[in-house]
Structures are given as structure tokens and as C-alpha cells.
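Novice: My questions will all concern the structure given below.
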Amino acid sequence: MNLETRVYHLLQPATDDQSRASRLVDLFIIGLIVVSLVMIVLESEPSIRSLAPGLFHGSELIIAVLFLVEYVARVWSIPVEPRYAHPVWGRLRFIMTPMAIIDLLAFAPSLFLGGLVDLRMLRLLRLVRLTRLLKLARYSNAAQHIQRALMRSREELTLSVLLVLILMLIASSLIYAVEHDVQPQWFGTIPRAMWWSVITLTTVGYGDVYPVTVLGRVLAAGIAVLGVGMVALPTGIIGAGFIEEIRRQREDGRRCPHCGEAIEAEDDDD
């Protein structure tokens, strides 16, 4: 096994049949992420930050450099994976994947953007480091189940989002027709009425904008009921996809890794 292949396997999430070194690398990266998030939370408190400002800056720099090393090692070793086998185009394709972009955001703002933004933007820059939390998805089977469930249900989810947008437009138009003369400041135009339709369909209900006419309130009641169903629809799709993904994994676990045939459970009497 050459060095590139060894590095690739060390950086992949460890499975039951992988080496102890791979598990240690996983634990080290997860530890870095957890420590980084703890430091971000503590740094947001001025009284704590003032006690040791150099500690927060130095630890962030060290963690960012370690994430940079991890990122470079992943990009360098990724041609071991067949779909990224080309030494140039394969690496470029990998760099554009969502997880690779998250890996890049984990260190790039701290290392490369700190001197390019003013002090007011530095607070937002610290929040970008929270993307490191997303790196944990690589090491969580449950997160991977959800990701695959979302990918398999993307057409249904897209349709449900489209239905919500259509319903929002219809609701805005109807409430505009009923309320624009009475409350022109809130319902004088369809774009203004969209704020009300969003908070009503999502069942948030801030209460800052509401119809006052009888017809408007009847309309609002019907739209609110429809909103409950619209919010529940994507939840049901994701839940069904998640259950289907778990079922698929269990079925794959009962298949022979060589021939793909189902493995029958042994009888208790044997």
C-alpha cells in the first residue's frame, strides 16, 4: 500500500474492519471540532475573552492550520477513490463537493480573511467557523442516513416547496384583494401581503400583521389550516425517506458482500 492510499484510508470515517490508526484520526478530528466550538462559545463572552485573548487567537490559529493540513491531505489522496481517479479533474471535482466546501470553510476564514475585513466584519467571520460543526456529519451514521434520505426524496421535497410557494402567492393575492383598502400599510400591495402569508403558512404567527375584516379573518383561518398541512408535508417525506434508508441498510447488512445474495438467519435449533 503506497503513501497516497494509506493517507486516504486514514482520513475516511473508520468502519469495523479498519485499523486502529484510522479510528484515532477520526477521534482527533472530532476532538478538534469540539474544542473549536467550545472556544467559539467562550470567546463570545467578553469577560472570559478578556482573561486570555492570546489563548483564543493562538488556539484558533493552530486549529485552523490543522484543518488546512487535513484538507490538503484529503485533496492529495482523493484520486484513490475511483470516481475521482483523474489526478487533476478528479481533485477539482472533489473540491466542488459539499463536504469539501465545508472542509474549506473550516479554516479559510481564519487563515486568509482575517486581515482583509474590518473589525465589524470579524464578528461575522467568527460565526463562519461554526461550519466546522457540519464536519461531524462525515463521522455520524445517522447524519449520513439523513443525507441519503434527502437525496432520494429530493423530487418530492422540491414539489412540496413549489406547492408552498404557490399557496403563498395565492394567499397573498387573496388577502390583498380583501384587506388592501382597510390596511394599505400592510396589505396595500401583494409583495407587502407576502410577509403575512409567510408567517401564517409557516404557523409562526408573530401577530404584527393580521386581517381585521370579517372576510379577511375567515380567509386567514382557512389559510392557517392549510399551512399546518403544508409544514407537515416535508416532515413526513423526510421521515419516510429516513425510515426507508434504515430499512435498506439493514437489508444490505443481511446480504453476502461477495455474491450479493440474502443471508438467511440460522435456526435457533442449530
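Residues are referred to by chain and number: the chain letter is A, B, ... according to the order shown in the C-alpha cells, the number counts from 1 in that chain, and ligands are numbered separately from 1 in the order shown.
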Would you list the contacts of Phe56 of chain A as an mmCIF file with N, CA, C and O atoms, in the first residue's frame, taking every protein, DNA or RNA residue within 9 Å and counting only C-alpha atoms, but skipping same-chain residues closer than 3 positions in sequence?
Specialist:
```cif
data_model
loop_
_atom_site.group_PDB
_atom_site.id
_atom_site.type_symbol
_atom_site.label_atom_id
_atom_site.label_comp_id
_atom_site.auth_asym_id
_atom_site.auth_seq_id
_atom_site.Cartn_x
_atom_site.Cartn_y
_atom_site.Cartn_z
ATOM 1 N N MET A 39 -14.384 26.880 22.130
ATOM 2 C CA MET A 39 -13.647 28.138 22.131
ATOM 3 C C MET A 39 -14.465 29.263 21.513
ATOM 4 O O MET A 39 -14.418 30.408 21.978
ATOM 5 N N ILE A 40 -15.233 28.952 20.459
ATOM 6 C CA ILE A 40 -16.081 29.973 19.830
ATOM 7 C C ILE A 40 -17.129 30.476 20.820
ATOM 8 O O ILE A 40 -17.384 31.680 20.936
ATOM 9 N N LEU A 42 -17.037 30.336 24.190
ATOM 10 C CA LEU A 42 -16.412 31.075 25.284
ATOM 11 C C LEU A 42 -15.907 32.440 24.824
ATOM 12 O O LEU A 42 -15.988 33.429 25.576
ATOM 13 N N GLU A 43 -15.415 32.517 23.603
ATOM 14 C CA GLU A 43 -14.872 33.776 23.090
ATOM 15 C C GLU A 43 -15.951 34.838 22.923
ATOM 16 O O GLU A 43 -15.668 36.039 22.943
ATOM 17 N N ARG A 49 -13.228 36.326 27.382
ATOM 18 C CA ARG A 49 -12.231 36.628 26.346
ATOM 19 C C ARG A 49 -11.134 37.555 26.858
ATOM 20 O O ARG A 49 -9.964 37.417 26.478
ATOM 21 N N ALA A 52 -7.837 35.953 28.679
ATOM 22 C CA ALA A 52 -6.718 35.382 27.917
ATOM 23 C C ALA A 52 -6.974 35.552 26.424
ATOM 24 O O ALA A 52 -7.254 34.570 25.727
ATOM 25 N N PRO A 53 -6.916 36.782 25.907
ATOM 26 C CA PRO A 53 -7.175 36.985 24.473
ATOM 27 C C PRO A 53 -6.182 36.262 23.575
ATOM 28 O O PRO A 53 -6.527 35.787 22.496
ATOM 29 N N SER A 59 -5.057 29.484 19.824
ATOM 30 C CA SER A 59 -5.716 28.190 19.635
ATOM 31 C C SER A 59 -6.472 28.145 18.318
ATOM 32 O O SER A 59 -6.472 27.119 17.624
ATOM 33 N N GLU A 60 -7.099 29.263 17.953
ATOM 34 C CA GLU A 60 -7.818 29.294 16.673
ATOM 35 C C GLU A 60 -6.854 29.136 15.507
ATOM 36 O O GLU A 60 -7.145 28.435 14.535
ATOM 37 N N LEU A 61 -5.697 29.766 15.594
ATOM 38 C CA LEU A 61 -4.705 29.657 14.525
ATOM 39 C C LEU A 61 -4.194 28.230 14.401
ATOM 40 O O LEU A 61 -4.084 27.690 13.283
#
```
Novice: Neighbours of segment 165-173 of chain A within 6 Å (only C-alpha atoms; same-chain residues fewer than 4 positions away dropped), as a list in words?
Specialist: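 With the cut-off at 6 Å, the set is Ile190, Ala193, Met194 and Ser197 of chain A.
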Novice: One number please: atom CA of Arg91 of chain A to atom CA of Ser36 of chain A, in Å, one decimal.
Specialist: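 Those two atoms sit 27.3 Å apart.
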